[in-house]
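Enquirer: Below is a structure I'd like to ask you about.
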Amino acid sequence: MNYLETIKNVLENKLGDELLVSVDKIEKNDNLFNLGLDSLNVIKLIIGIEEELNIKFQDKDIDSKNWKSIENINKLIEERKV
């Protein structure tokens, strides 16, 4: 399943003002850390995605490579939704 739009919606709602570019300009493989994402924002993003999709990430999921791009986040969600 594809969660790209859900991820973008959460980015917009939770972090829209904190990113360096508008969420609608972010491509799925753009490095989010280069666009203003930081460790605190990752936690906000995790909470937002967990609430939106009713899933729970594991401690091991809080690895920067999982949150580097929308595509990486999508893959992680797919693994958790199984």
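Naming works like this for the structure tokens: A, B, ... for the chains as they're shown, residue 1 at the start of each chain, ligands 1 onward in shown order.
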Could you name the residues that touch A:Ser69 at 7 Å or less, counting only C-alpha atoms, but leaving out those on the same chain fewer than 4 positions away, as a list in words?

Expert: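 Listed by chain and then number, they are Lys28, Asn29, Asp30, Asn31, Leu32 and Ile73 of chain A.
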
Enquirer: Residues of the last selection are to be written out with C-alpha atoms, as a PDB file, in the first residue's frame.

Expert:
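As written to disk, part-v4.pdb reads:
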```pdb
ATOM      1  CA  LYS A  28       9.370  11.248  -2.088  1.00  0.00           C
ATOM      2  CA  ASN A  29      13.157  10.778  -2.116  1.00  0.00           C
ATOM      3  CA  ASP A  30      14.182  14.246  -0.900  1.00  0.00           C
ATOM      4  CA  ASN A  31      16.329  14.244   2.239  1.00  0.00           C
ATOM      5  CA  LEU A  32      13.991  15.584   4.922  1.00  0.00           C
ATOM      6  CA  ILE A  73       8.925   6.364   5.953  1.00  0.00           C
TER       7      ILE A  73
END
```

Enquirer: I want to know what sits within 8 Å of stretch 36-48 of chain A, based on only C-alpha atoms, with residues of the same chain fewer than 5 positions away left out; could you give that as a ChimeraX atom specification?

Expert: /A:10-11,14-15,18-20,57,67

Enquirer: Could you save those same residues with C-alpha atoms as a short mmCIF file (atom, residue, chain, number, x, y, z; two decimals), in the first residue's frame?

Expert:
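And here is the file that came out, again23.cif:
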```cif
data_model
loop_
_atom_site.label_atom_id
_atom_site.label_comp_id
_atom_site.auth_asym_id
_atom_site.auth_seq_id
_atom_site.Cartn_x
_atom_site.Cartn_y
_atom_site.Cartn_z
CA VAL A 10 1.08 14.55 8.66
CA LEU A 11 4.18 16.54 7.66
CA LYS A 14 2.54 18.66 12.40
CA LEU A 15 5.62 20.30 10.88
CA GLU A 18 9.13 24.15 10.74
CA LEU A 19 10.30 22.85 7.35
CA LEU A 20 12.36 24.98 4.98
CA PHE A 57 6.51 2.02 15.84
CA TRP A 67 12.98 9.06 8.55
#
```

Enquirer: Can you tell me how far atom CA of A:Met1 sits from atom CA of A:Asp59, in Å to one decimal?

Expert: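 Rounded to one decimal, the two atoms are 23.1 Å apart.
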
Enquirer: Run DSSP on the backbone and grab whatever in chain A lands in alpha helix (DSSP H); send it over as a PyMOL selection string.

Expert: chain A and resi 4-15+39-53+70-80

Enquirer: Kindly export the residues of the current selection with N, CA and C atoms, as a compact mmCIF listing (two decimals), in the first residue's frame.

Expert:
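Listed below is the output, again19.txt:
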```
# COMPACT_ATOMS: atom_id res chain seq x y z
N LEU A 4 2.13 7.59 0.91
CA LEU A 4 2.83 8.85 0.63
C LEU A 4 1.97 10.07 0.94
N GLU A 5 0.72 10.06 0.55
CA GLU A 5 -0.15 11.21 0.81
C GLU A 5 -0.41 11.37 2.30
N THR A 6 -0.59 10.27 3.00
CA THR A 6 -0.80 10.34 4.45
C THR A 6 0.42 10.95 5.13
N ILE A 7 1.60 10.52 4.71
CA ILE A 7 2.84 11.06 5.28
C ILE A 7 2.93 12.55 5.01
N LYS A 8 2.64 12.96 3.79
CA LYS A 8 2.68 14.39 3.46
C LYS A 8 1.67 15.18 4.28
N ASN A 9 0.49 14.62 4.49
CA ASN A 9 -0.52 15.30 5.30
C ASN A 9 -0.04 15.48 6.74
N VAL A 10 0.56 14.46 7.30
CA VAL A 10 1.08 14.55 8.66
C VAL A 10 2.22 15.57 8.72
N LEU A 11 3.11 15.54 7.73
CA LEU A 11 4.18 16.54 7.66
C LEU A 11 3.60 17.95 7.64
N GLU A 12 2.59 18.15 6.83
CA GLU A 12 1.97 19.48 6.71
C GLU A 12 1.32 19.90 8.03
N ASN A 13 0.56 18.99 8.63
CA ASN A 13 -0.20 19.32 9.84
C ASN A 13 0.69 19.47 11.07
N LYS A 14 1.70 18.66 11.19
CA LYS A 14 2.54 18.66 12.40
C LYS A 14 3.77 19.54 12.26
N LEU A 15 4.33 19.64 11.04
CA LEU A 15 5.62 20.30 10.88
C LEU A 15 5.66 21.35 9.78
N SER A 39 15.69 15.91 15.13
CA SER A 39 15.31 14.79 15.99
C SER A 39 13.99 15.05 16.71
N LEU A 40 13.76 16.26 17.16
CA LEU A 40 12.49 16.58 17.83
C LEU A 40 11.33 16.47 16.85
N ASN A 41 11.54 16.94 15.64
CA ASN A 41 10.49 16.84 14.62
C ASN A 41 10.21 15.40 14.22
N VAL A 42 11.22 14.54 14.26
CA VAL A 42 11.00 13.12 13.97
C VAL A 42 10.01 12.55 14.98
N ILE A 43 10.17 12.91 16.25
CA ILE A 43 9.25 12.41 17.28
C ILE A 43 7.83 12.91 17.00
N LYS A 44 7.68 14.17 16.64
CA LYS A 44 6.35 14.70 16.29
C LYS A 44 5.77 13.95 15.09
N LEU A 45 6.61 13.66 14.13
CA LEU A 45 6.18 12.93 12.94
C LEU A 45 5.76 11.51 13.29
N ILE A 46 6.53 10.86 14.13
CA ILE A 46 6.19 9.49 14.57
C ILE A 46 4.82 9.49 15.25
N ILE A 47 4.63 10.41 16.18
CA ILE A 47 3.35 10.47 16.90
C ILE A 47 2.20 10.74 15.93
N GLY A 48 2.40 11.66 15.00
CA GLY A 48 1.36 11.97 14.04
C GLY A 48 0.99 10.79 13.16
N ILE A 49 1.99 10.07 12.68
CA ILE A 49 1.73 8.90 11.84
C ILE A 49 1.07 7.79 12.65
N GLU A 50 1.54 7.57 13.86
CA GLU A 50 0.92 6.54 14.71
C GLU A 50 -0.55 6.85 14.93
N GLU A 51 -0.87 8.11 15.20
CA GLU A 51 -2.27 8.50 15.42
C GLU A 51 -3.09 8.38 14.15
N GLU A 52 -2.54 8.83 13.05
CA GLU A 52 -3.27 8.84 11.78
C GLU A 52 -3.56 7.43 11.27
N LEU A 53 -2.58 6.53 11.40
CA LEU A 53 -2.71 5.18 10.82
C LEU A 53 -2.97 4.10 11.85
N ILE A 70 10.42 10.60 2.53
CA ILE A 70 9.04 10.13 2.55
C ILE A 70 8.99 8.68 2.09
N GLU A 71 9.80 8.32 1.12
CA GLU A 71 9.83 6.93 0.63
C GLU A 71 10.29 5.97 1.74
N ASN A 72 11.31 6.35 2.50
CA ASN A 72 11.78 5.49 3.60
C ASN A 72 10.70 5.34 4.66
N ILE A 73 10.01 6.43 4.97
CA ILE A 73 8.93 6.36 5.95
C ILE A 73 7.83 5.44 5.44
N ASN A 74 7.50 5.55 4.15
CA ASN A 74 6.48 4.70 3.55
C ASN A 74 6.85 3.22 3.70
N LYS A 75 8.10 2.89 3.44
CA LYS A 75 8.54 1.49 3.57
C LYS A 75 8.42 1.01 5.02
N LEU A 76 8.77 1.87 5.95
CA LEU A 76 8.67 1.51 7.36
C LEU A 76 7.21 1.26 7.76
N ILE A 77 6.33 2.12 7.30
CA ILE A 77 4.90 1.94 7.60
C ILE A 77 4.42 0.62 7.02
N GLU A 78 4.81 0.32 5.79
CA GLU A 78 4.39 -0.94 5.17
C GLU A 78 4.83 -2.13 6.00
N GLU A 79 6.04 -2.07 6.57
CA GLU A 79 6.53 -3.15 7.42
C GLU A 79 5.70 -3.28 8.70
N ARG A 80 5.29 -2.16 9.28
CA ARG A 80 4.53 -2.16 10.53
C ARG A 80 3.07 -2.54 10.32
```

Enquirer: For atom CA of A:Lys81 and atom CA of A:Phe33, determine how far apart the two atoms are, in Å to one decimal place.

Expert: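 So the answer is 24.7 Å.
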
Enquirer: Could you check how far atom CA of A:Leu35 sits from atom CA of A:Lys68, in Å to one decimal?

Expert: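 That distance, rounded to one decimal, is 10.1 Å.
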